[in-house]
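What follows is the content of upload04.txt, which has compact mmCIF, C-alpha atoms:
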```
# COMPACT_ATOMS: atom_id res chain seq x y z
CA MET A 1 -11.28 17.34 0.06
CA ASN A 2 -14.27 16.96 2.31
CA LYS A 3 -14.01 14.59 5.20
CA ILE A 4 -15.69 11.26 4.61
CA SER A 5 -18.05 9.82 7.19
CA ARG A 6 -16.75 7.63 9.98
CA THR A 7 -18.79 4.64 8.75
CA ARG A 8 -17.41 4.97 5.24
CA THR A 9 -13.89 5.32 6.63
CA VAL A 10 -14.27 2.09 8.62
CA LEU A 11 -15.65 0.26 5.57
CA LEU A 12 -12.84 1.49 3.33
CA LEU A 13 -10.18 0.56 5.90
CA THR A 14 -11.70 -2.90 6.41
CA PHE A 15 -11.89 -3.51 2.66
CA LEU A 16 -8.32 -2.29 2.17
CA VAL A 17 -6.79 -4.36 4.97
CA ILE A 18 -8.53 -7.56 3.81
CA VAL A 19 -7.85 -7.33 0.07
CA TRP A 20 -4.27 -6.11 0.47
CA GLY A 21 -3.65 -8.84 3.02
CA VAL A 22 -5.02 -11.55 0.74
CA ASN A 23 -2.97 -10.10 -2.13
CA TRP A 24 0.34 -11.46 -0.81
CA PRO A 25 -0.40 -15.20 -0.86
CA LEU A 26 -2.41 -14.80 -4.07
CA SER A 27 0.53 -13.09 -5.76
CA LYS A 28 2.87 -15.80 -4.50
CA MET A 29 0.55 -18.44 -5.99
CA ALA A 30 0.33 -16.58 -9.31
CA LEU A 31 4.12 -16.61 -9.69
CA SER A 32 4.00 -20.36 -10.26
CA TYR A 33 2.15 -19.60 -13.53
CA THR A 34 3.94 -16.48 -14.77
CA PRO A 35 7.24 -14.57 -14.77
CA PRO A 36 7.19 -11.79 -12.12
CA LEU A 37 7.58 -8.58 -14.15
CA LEU A 38 5.04 -9.59 -16.77
CA PHE A 39 2.61 -10.46 -13.99
CA ALA A 40 3.20 -7.10 -12.29
CA GLY A 41 2.65 -5.29 -15.57
CA ILE A 42 -0.45 -7.21 -16.61
CA ARG A 43 -2.26 -6.76 -13.30
CA THR A 44 -1.51 -3.05 -13.00
CA VAL A 45 -2.48 -2.30 -16.62
CA LEU A 46 -5.73 -4.24 -16.14
CA GLY A 47 -6.37 -2.30 -12.93
CA GLY A 48 -5.75 0.96 -14.77
CA LEU A 49 -8.11 0.01 -17.61
CA ILE A 50 -10.84 -0.83 -15.10
CA LEU A 51 -10.51 2.58 -13.43
CA LEU A 52 -10.34 4.26 -16.84
CA VAL A 53 -14.04 3.48 -17.23
CA PHE A 54 -14.74 5.62 -14.15
CA ALA A 55 -12.17 8.30 -15.03
CA LEU A 56 -13.26 9.04 -18.63
CA PRO A 57 -16.44 10.92 -17.62
CA ARG A 58 -14.05 13.27 -15.74
CA ILE A 59 -11.79 13.79 -18.78
CA LYS A 60 -11.69 17.56 -18.25
CA GLN A 61 -9.93 17.02 -14.92
CA LEU A 62 -7.09 15.05 -16.55
CA ARG A 63 -5.14 18.17 -17.66
CA PHE A 64 -2.37 15.90 -18.94
CA LYS A 65 -0.18 18.67 -20.41
CA GLU A 66 0.03 20.45 -17.06
CA THR A 67 0.21 17.45 -14.75
CA TRP A 68 1.86 14.60 -16.73
CA HIS A 69 5.04 14.82 -14.62
CA LEU A 70 3.02 14.24 -11.43
CA TYR A 71 1.53 11.06 -12.89
CA VAL A 72 4.97 9.83 -13.95
CA ILE A 73 6.57 10.43 -10.53
CA SER A 74 3.66 8.70 -8.78
CA ALA A 75 3.91 5.77 -11.20
CA ILE A 76 7.65 5.39 -10.54
CA LEU A 77 7.23 5.35 -6.75
CA ASN A 78 3.90 3.55 -6.25
CA ILE A 79 3.96 1.11 -9.17
CA ILE A 80 7.39 0.57 -10.72
CA ILE A 81 9.32 0.50 -7.45
CA PHE A 82 6.60 -0.76 -5.09
CA TYR A 83 5.05 -3.44 -7.30
CA GLY A 84 8.14 -4.19 -9.37
CA PHE A 85 10.34 -4.87 -6.32
CA GLN A 86 7.47 -6.62 -4.55
CA THR A 87 6.62 -9.06 -7.33
CA VAL A 88 10.24 -10.00 -7.99
CA GLY A 89 11.02 -10.22 -4.26
CA LEU A 90 8.20 -12.67 -3.57
CA GLY A 91 10.15 -15.22 -5.57
CA TYR A 92 12.94 -15.12 -2.97
CA MET A 93 11.04 -15.30 0.33
CA PRO A 94 7.83 -16.64 1.91
CA ALA A 95 4.89 -14.31 1.19
CA GLY A 96 4.05 -13.74 4.86
CA LEU A 97 7.61 -12.84 5.85
CA PHE A 98 8.15 -10.64 2.80
CA SER A 99 4.96 -8.68 3.51
CA SER A 100 6.02 -8.19 7.13
CA ILE A 101 9.25 -6.50 6.04
CA VAL A 102 7.44 -4.32 3.50
CA PHE A 103 5.16 -3.09 6.27
CA ILE A 104 7.89 -1.12 7.92
CA GLU A 105 6.27 1.39 5.52
CA PRO A 106 3.85 2.89 8.11
CA VAL A 107 6.86 3.86 10.24
CA LEU A 108 8.59 5.41 7.23
CA LEU A 109 5.32 7.10 6.25
CA GLY A 110 5.00 8.63 9.72
CA ILE A 111 8.52 10.07 9.43
CA PHE A 112 8.06 11.24 5.81
CA SER A 113 4.68 12.85 6.66
CA TRP A 114 6.27 14.72 9.57
CA ILE A 115 9.14 15.98 7.38
CA TRP A 116 7.30 16.84 4.15
CA LEU A 117 3.63 17.21 5.07
CA GLY A 118 4.06 18.97 8.39
CA GLU A 119 1.97 16.38 10.24
CA SER A 120 2.34 16.45 14.01
CA MET A 121 4.84 14.16 15.68
CA TYR A 122 4.09 13.80 19.37
CA GLY A 123 5.04 11.30 22.06
CA TRP A 124 2.09 8.92 21.70
CA LYS A 125 2.50 8.76 17.93
CA ILE A 126 6.23 8.02 18.21
CA ILE A 127 5.54 5.25 20.73
CA GLY A 128 2.76 3.92 18.50
CA LEU A 129 4.98 3.79 15.40
CA ILE A 130 7.74 2.06 17.37
CA LEU A 131 5.24 -0.47 18.76
CA GLY A 132 3.84 -1.10 15.29
CA PHE A 133 7.30 -1.76 13.94
CA ALA A 134 8.02 -4.00 16.93
CA GLY A 135 4.85 -5.95 16.20
CA VAL A 136 5.87 -6.46 12.58
CA ALA A 137 9.39 -7.42 13.70
CA ILE A 138 7.99 -10.01 16.13
CA ILE A 139 5.81 -11.43 13.37
CA SER A 140 8.82 -11.57 11.06
CA THR A 141 10.97 -13.47 13.56
CA GLY A 142 8.08 -15.89 13.97
CA GLY A 143 8.16 -16.57 10.27
CA LEU A 144 11.87 -17.25 9.94
CA THR A 145 11.31 -20.91 9.17
CA GLY A 146 11.25 -20.29 5.43
CA ASP A 147 14.11 -19.60 3.06
CA ILE A 148 15.66 -16.18 3.72
CA SER A 149 17.37 -14.20 0.97
CA MET A 150 19.35 -10.97 1.38
CA LEU A 151 18.16 -9.90 -2.07
CA GLY A 152 14.59 -10.58 -0.98
CA ILE A 153 15.07 -8.42 2.14
CA LEU A 154 16.55 -5.55 0.10
CA LEU A 155 13.69 -5.73 -2.41
CA ALA A 156 11.17 -5.68 0.43
CA LEU A 157 12.82 -2.60 1.99
CA GLY A 158 13.00 -0.88 -1.40
CA SER A 159 9.33 -1.63 -1.95
CA ALA A 160 8.48 -0.06 1.44
CA ILE A 161 10.50 3.09 0.73
CA GLY A 162 8.89 3.53 -2.69
CA TRP A 163 5.39 3.11 -1.22
CA GLY A 164 6.06 5.55 1.65
CA LEU A 165 7.49 8.25 -0.61
CA GLY A 166 4.72 7.66 -3.16
CA THR A 167 2.01 8.11 -0.55
CA VAL A 168 3.50 11.39 0.68
CA PHE A 169 3.88 12.60 -2.90
CA VAL A 170 0.23 11.87 -3.76
CA LYS A 171 -0.93 13.55 -0.55
CA LYS A 172 1.23 16.62 -1.19
CA THR A 173 0.07 17.02 -4.82
CA GLY A 174 -3.55 16.08 -4.12
CA SER A 175 -4.84 19.60 -4.78
CA SER A 176 -3.19 19.70 -8.21
CA VAL A 177 -4.68 16.54 -9.75
CA ASP A 178 -7.96 14.64 -9.79
CA SER A 179 -7.73 11.63 -7.44
CA ILE A 180 -9.28 9.10 -9.83
CA TRP A 181 -7.07 10.24 -12.69
CA MET A 182 -4.01 10.07 -10.45
CA VAL A 183 -4.65 6.42 -9.57
CA THR A 184 -5.64 5.53 -13.14
CA MET A 185 -2.63 7.16 -14.79
CA GLN A 186 -0.10 5.82 -12.28
CA LEU A 187 -1.41 2.30 -12.92
CA LEU A 188 -1.35 2.66 -16.71
CA ILE A 189 2.06 4.38 -16.91
CA GLY A 190 3.71 2.11 -14.34
CA GLY A 191 2.04 -1.01 -15.70
CA LEU A 192 3.10 -0.31 -19.30
CA PHE A 193 6.69 0.29 -18.14
CA LEU A 194 6.73 -3.02 -16.24
CA LEU A 195 5.24 -4.78 -19.27
CA GLY A 196 7.95 -3.28 -21.48
CA VAL A 197 10.77 -4.37 -19.18
CA GLY A 198 9.17 -7.77 -18.62
CA SER A 199 8.73 -8.33 -22.37
CA SER A 200 12.43 -7.62 -22.97
CA ILE A 201 13.80 -10.03 -20.35
CA GLU A 202 10.96 -12.54 -19.86
CA SER A 203 8.92 -14.70 -22.20
CA TRP A 204 5.16 -14.37 -22.74
CA SER A 205 5.09 -18.06 -23.68
CA SER A 206 6.10 -18.85 -20.09
CA ILE A 207 2.70 -17.70 -18.83
CA GLU A 208 0.35 -20.62 -18.17
CA TRP A 209 -3.14 -19.27 -18.86
CA GLN A 210 -4.93 -21.74 -16.62
CA MET A 211 -8.18 -21.00 -14.82
CA PRO A 212 -6.62 -20.63 -11.31
CA PHE A 213 -4.19 -18.04 -12.67
CA ILE A 214 -6.87 -16.16 -14.64
CA ALA A 215 -9.21 -16.02 -11.62
CA ASN A 216 -6.32 -14.91 -9.42
CA LEU A 217 -5.26 -12.23 -11.93
CA LEU A 218 -8.80 -10.83 -12.26
CA PHE A 219 -9.34 -10.68 -8.50
CA ILE A 220 -6.03 -8.88 -7.93
CA SER A 221 -6.53 -6.48 -10.86
CA ILE A 222 -10.07 -5.49 -9.85
CA PHE A 223 -10.07 -5.48 -6.05
CA VAL A 224 -6.41 -5.20 -4.99
CA ILE A 225 -5.08 -2.89 -7.70
CA ALA A 226 -7.96 -0.77 -9.02
CA PHE A 227 -10.28 -0.37 -6.04
CA GLY A 228 -7.59 -1.00 -3.41
CA TRP A 229 -5.44 1.94 -4.52
CA LEU A 230 -8.51 4.13 -4.97
CA ALA A 231 -9.63 3.34 -1.41
CA TYR A 232 -6.13 3.93 -0.05
CA PHE A 233 -5.67 7.35 -1.62
CA THR A 234 -9.24 8.34 -0.73
CA LEU A 235 -8.37 7.65 2.91
CA VAL A 236 -4.98 9.38 2.70
CA GLY A 237 -6.53 12.39 0.99
CA THR A 238 -9.12 12.91 3.71
CA GLY A 239 -7.00 12.37 6.82
CA GLU A 240 -3.46 12.31 8.14
CA ALA A 241 -1.36 9.97 5.99
CA SER A 242 0.50 8.62 9.03
CA LYS A 243 -2.73 7.70 10.82
CA VAL A 244 -4.12 5.89 7.77
CA GLY A 245 -0.76 4.18 7.39
CA SER A 246 -0.91 2.89 10.98
CA TYR A 247 -3.86 0.65 10.09
CA THR A 248 -1.84 -1.03 7.36
CA PHE A 249 0.20 -2.69 10.13
CA LEU A 250 -2.72 -5.16 10.20
CA ILE A 251 -2.14 -6.28 6.62
CA PRO A 252 0.82 -8.63 7.37
CA LEU A 253 -1.38 -10.46 9.88
CA ILE A 254 -3.95 -11.15 7.17
CA ALA A 255 -1.15 -12.07 4.76
CA ILE A 256 0.50 -14.52 7.15
CA PHE A 257 -2.80 -16.05 8.24
CA CYS A 258 -3.90 -16.59 4.62
CA SER A 259 -0.43 -17.81 3.62
CA SER A 260 -0.53 -20.40 6.40
CA ILE A 261 -3.82 -21.72 4.97
CA VAL A 262 -3.27 -21.66 1.21
CA LEU A 263 0.53 -21.97 1.05
CA ASN A 264 1.17 -24.00 4.23
CA GLU A 265 3.55 -21.33 5.49
CA SER A 266 4.28 -21.52 9.19
CA ILE A 267 2.23 -19.64 11.77
CA THR A 268 3.45 -19.27 15.35
CA PHE A 269 2.39 -18.02 18.75
CA LYS A 270 4.48 -14.91 18.15
CA LEU A 271 1.69 -13.68 15.90
CA VAL A 272 -0.42 -13.09 19.03
CA LEU A 273 2.23 -10.88 20.63
CA GLY A 274 2.75 -9.08 17.33
CA LEU A 275 -0.99 -8.49 16.99
CA ILE A 276 -1.18 -7.00 20.50
CA CYS A 277 1.67 -4.59 19.69
CA ILE A 278 0.03 -3.58 16.42
CA ILE A 279 -3.40 -2.95 17.95
CA ILE A 280 -1.86 -0.81 20.73
CA SER A 281 0.20 0.95 18.08
CA ILE A 282 -2.90 1.91 16.10
CA CYS A 283 -4.56 3.24 19.26
CA PHE A 284 -1.54 5.36 20.15
CA VAL A 285 -1.07 6.79 16.65
CA ASN A 286 -4.73 7.77 16.49
CA ILE A 287 -5.00 9.37 19.94
CA LYS A 288 -6.50 12.82 19.57
CA LEU A 289 -4.71 15.27 21.79
CA LYS A 290 -6.84 17.93 23.36
CA PRO A 291 -5.50 21.43 22.75
CA ARG A 292 -4.03 22.97 25.83
CA ARG A 293 -6.08 25.75 27.30
CA VAL A 294 -4.25 28.99 27.75
CA LYS A 295 -5.19 30.52 31.07
CA THR A 296 -5.79 34.21 30.97
CA GLN A 297 -6.42 36.44 33.91
CA ILE A 298 -8.71 39.36 33.40
CA GLU A 299 -8.53 42.02 36.01
CA GLY A 300 -11.24 44.48 36.41
```
As structure tokens, the full file:
Amino acid sequence: MNKISRTRTVLLLTFLVIVWGVNWPLSKMALSYTPPLLFAGIRTVLGGLILLVFALPRIKQLRFKETWHLYVISAILNIIIFYGFQTVGLGYMPAGLFSSIVFIEPVLLGIFSWIWLGESMYGWKIIGLILGFAGVAIISTGGLTGDISMLGILLALGSAIGWGLGTVFVKKTGSSVDSIWMVTMQLLIGGLFLLGVGSSIESWSSIEWQMPFIANLLFISIFVIAFGWLAYFTLVGTGEASKVGSYTFLIPLIAIFCSSIVLNESITFKLVLGLICIIISICFVNIKLKPRRVKTQIEG
């Protein structure tokens, strides 16, 4: 893939951080109107259908017979595990705190990218990833005023692992599949699976189709799911996955700030310290090391 311009990169990152940050309190609010798995399935299928409009003109790039297994693996990691665990887990913990635990993912992504993608792992990046995790940990301890559930913590960690592995998988197989079709198919396959499971253990009649829920569902399906994932994989596909992942440390800050406003979840001074750690972390992870010059002596 060709490198995208710096301005476009900044715009995509800004869009991604904001909409994925807002997603957490919005999803928490939506769960008061719907069972979790059905909600996860509906929003991902809707997101997939929206992207299908953009993918169909590129139907020749689908090559489903040759690449169907890649779509399925991506759907399992990025949708079924990430969104399935996430949506169920939000019912057990405050949205801000849950999102903070999930965002250990950039640290995992840095390690996974080093192991499987051959991305460099140098001192500044290691320090940056540790600082980013420390920032998220500080934010989490500042949000410990809500109800804490061990199941919620495990679901959050499982969600982070699925997302990290899914990102590395998409990056590694990026040359084998069309990017728009990859996002579209993972949403449709994963969403239909979640709908199937949700339909077997949850009741459709439990969904309250009120205007706040419908507006919430449409916003999440369009901006968070469809265009959010497309922006994320566009960024990952054109740069180092670990560096893109470092910016997602900012998402819990947006999530906690929005949760404190719309859900009255607590916000503390520790957020400031956490923010400082995260900003320094992003700087360290994105430091460009100058190649060492090899001195040669020419006699003559």
Write out as a list in words the residues lying within 6 Å of stretch 189-201 of chain A, counting only C-alpha atoms and excluding same-chain residues fewer than 4 positions away.
Leu37, Leu38, Gly41, Thr44, Val45, Ala75, Ile79, Ile80 and Met185 of chain A
For A:Ile276, the nearest of the candidates A:Ala134, A:Ala160, A:Leu188, A:Val53, counting only C-alpha atoms
A:Ala134
Have a look at atom CA of A:Gly47 and atom CA of A:Ile222 and let me know their distance in Å, one decimal.
5.8 Å
Leaving out A:Ser246 and any residue of its chain fewer than 5 positions from it, which residues lie within 8 Å of it when counting all atoms listed in the file, given as an NGL selection string?
:A and (106-107 or 129 or 132 or 281-282 or 285)
A:Met29 environment, 12 Å, only C-alpha atoms, sequence neighbours closer than 6 positions dropped, as a PDB file with C-alpha atoms, in the coordinates of the input:
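Final output, result_21.pdb:
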```pdb
ATOM      1  CA  VAL A  22      -5.020 -11.550   0.740  1.00  0.00           C
ATOM      2  CA  ASN A  23      -2.970 -10.100  -2.130  1.00  0.00           C
ATOM      3  CA  PRO A  35       7.240 -14.570 -14.770  1.00  0.00           C
ATOM      4  CA  PRO A  36       7.190 -11.790 -12.120  1.00  0.00           C
ATOM      5  CA  PHE A  39       2.610 -10.460 -13.990  1.00  0.00           C
ATOM      6  CA  THR A  87       6.620  -9.060  -7.330  1.00  0.00           C
ATOM      7  CA  LEU A  90       8.200 -12.670  -3.570  1.00  0.00           C
ATOM      8  CA  GLY A  91      10.150 -15.220  -5.570  1.00  0.00           C
ATOM      9  CA  PRO A  94       7.830 -16.640   1.910  1.00  0.00           C
ATOM     10  CA  ALA A  95       4.890 -14.310   1.190  1.00  0.00           C
ATOM     11  CA  PRO A 212      -6.620 -20.630 -11.310  1.00  0.00           C
ATOM     12  CA  PHE A 213      -4.190 -18.040 -12.670  1.00  0.00           C
ATOM     13  CA  ILE A 214      -6.870 -16.160 -14.640  1.00  0.00           C
ATOM     14  CA  ALA A 215      -9.210 -16.020 -11.620  1.00  0.00           C
ATOM     15  CA  ASN A 216      -6.320 -14.910  -9.420  1.00  0.00           C
ATOM     16  CA  LEU A 217      -5.260 -12.230 -11.930  1.00  0.00           C
ATOM     17  CA  ILE A 220      -6.030  -8.880  -7.930  1.00  0.00           C
ATOM     18  CA  CYS A 258      -3.900 -16.590   4.620  1.00  0.00           C
ATOM     19  CA  SER A 259      -0.430 -17.810   3.620  1.00  0.00           C
ATOM     20  CA  VAL A 262      -3.270 -21.660   1.210  1.00  0.00           C
ATOM     21  CA  LEU A 263       0.530 -21.970   1.050  1.00  0.00           C
ATOM     22  CA  ASN A 264       1.170 -24.000   4.230  1.00  0.00           C
TER      23      ASN A 264
END
```
Correct to one decimal, the distance atom CA of A:His69-atom CA of A:Val224 is 25.0 Å
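Going from atom CA of A:Ile81 to atom CA of A:Gly135 covers 24.9 Å.
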I want to know what sits within 7 Å of stretch 82-85 of chain A, based on all atoms listed in the file, with residues of the same chain fewer than 3 positions away left out; could you give that as a PDB file with C-alpha atoms, in the coordinates of the input?
```pdb
ATOM      1  CA  LEU A  37       7.580  -8.580 -14.150  1.00  0.00           C
ATOM      2  CA  ALA A  40       3.200  -7.100 -12.290  1.00  0.00           C
ATOM      3  CA  LEU A  77       7.230   5.350  -6.750  1.00  0.00           C
ATOM      4  CA  ASN A  78       3.900   3.550  -6.250  1.00  0.00           C
ATOM      5  CA  ILE A  79       3.960   1.110  -9.170  1.00  0.00           C
ATOM      6  CA  VAL A  88      10.240 -10.000  -7.990  1.00  0.00           C
ATOM      7  CA  GLY A  89      11.020 -10.220  -4.260  1.00  0.00           C
ATOM      8  CA  LEU A 155      13.690  -5.730  -2.410  1.00  0.00           C
ATOM      9  CA  ALA A 156      11.170  -5.680   0.430  1.00  0.00           C
ATOM     10  CA  GLY A 158      13.000  -0.880  -1.400  1.00  0.00           C
ATOM     11  CA  SER A 159       9.330  -1.630  -1.950  1.00  0.00           C
ATOM     12  CA  ALA A 160       8.480  -0.060   1.440  1.00  0.00           C
ATOM     13  CA  GLY A 162       8.890   3.530  -2.690  1.00  0.00           C
ATOM     14  CA  TRP A 163       5.390   3.110  -1.220  1.00  0.00           C
TER      15      TRP A 163
END
```
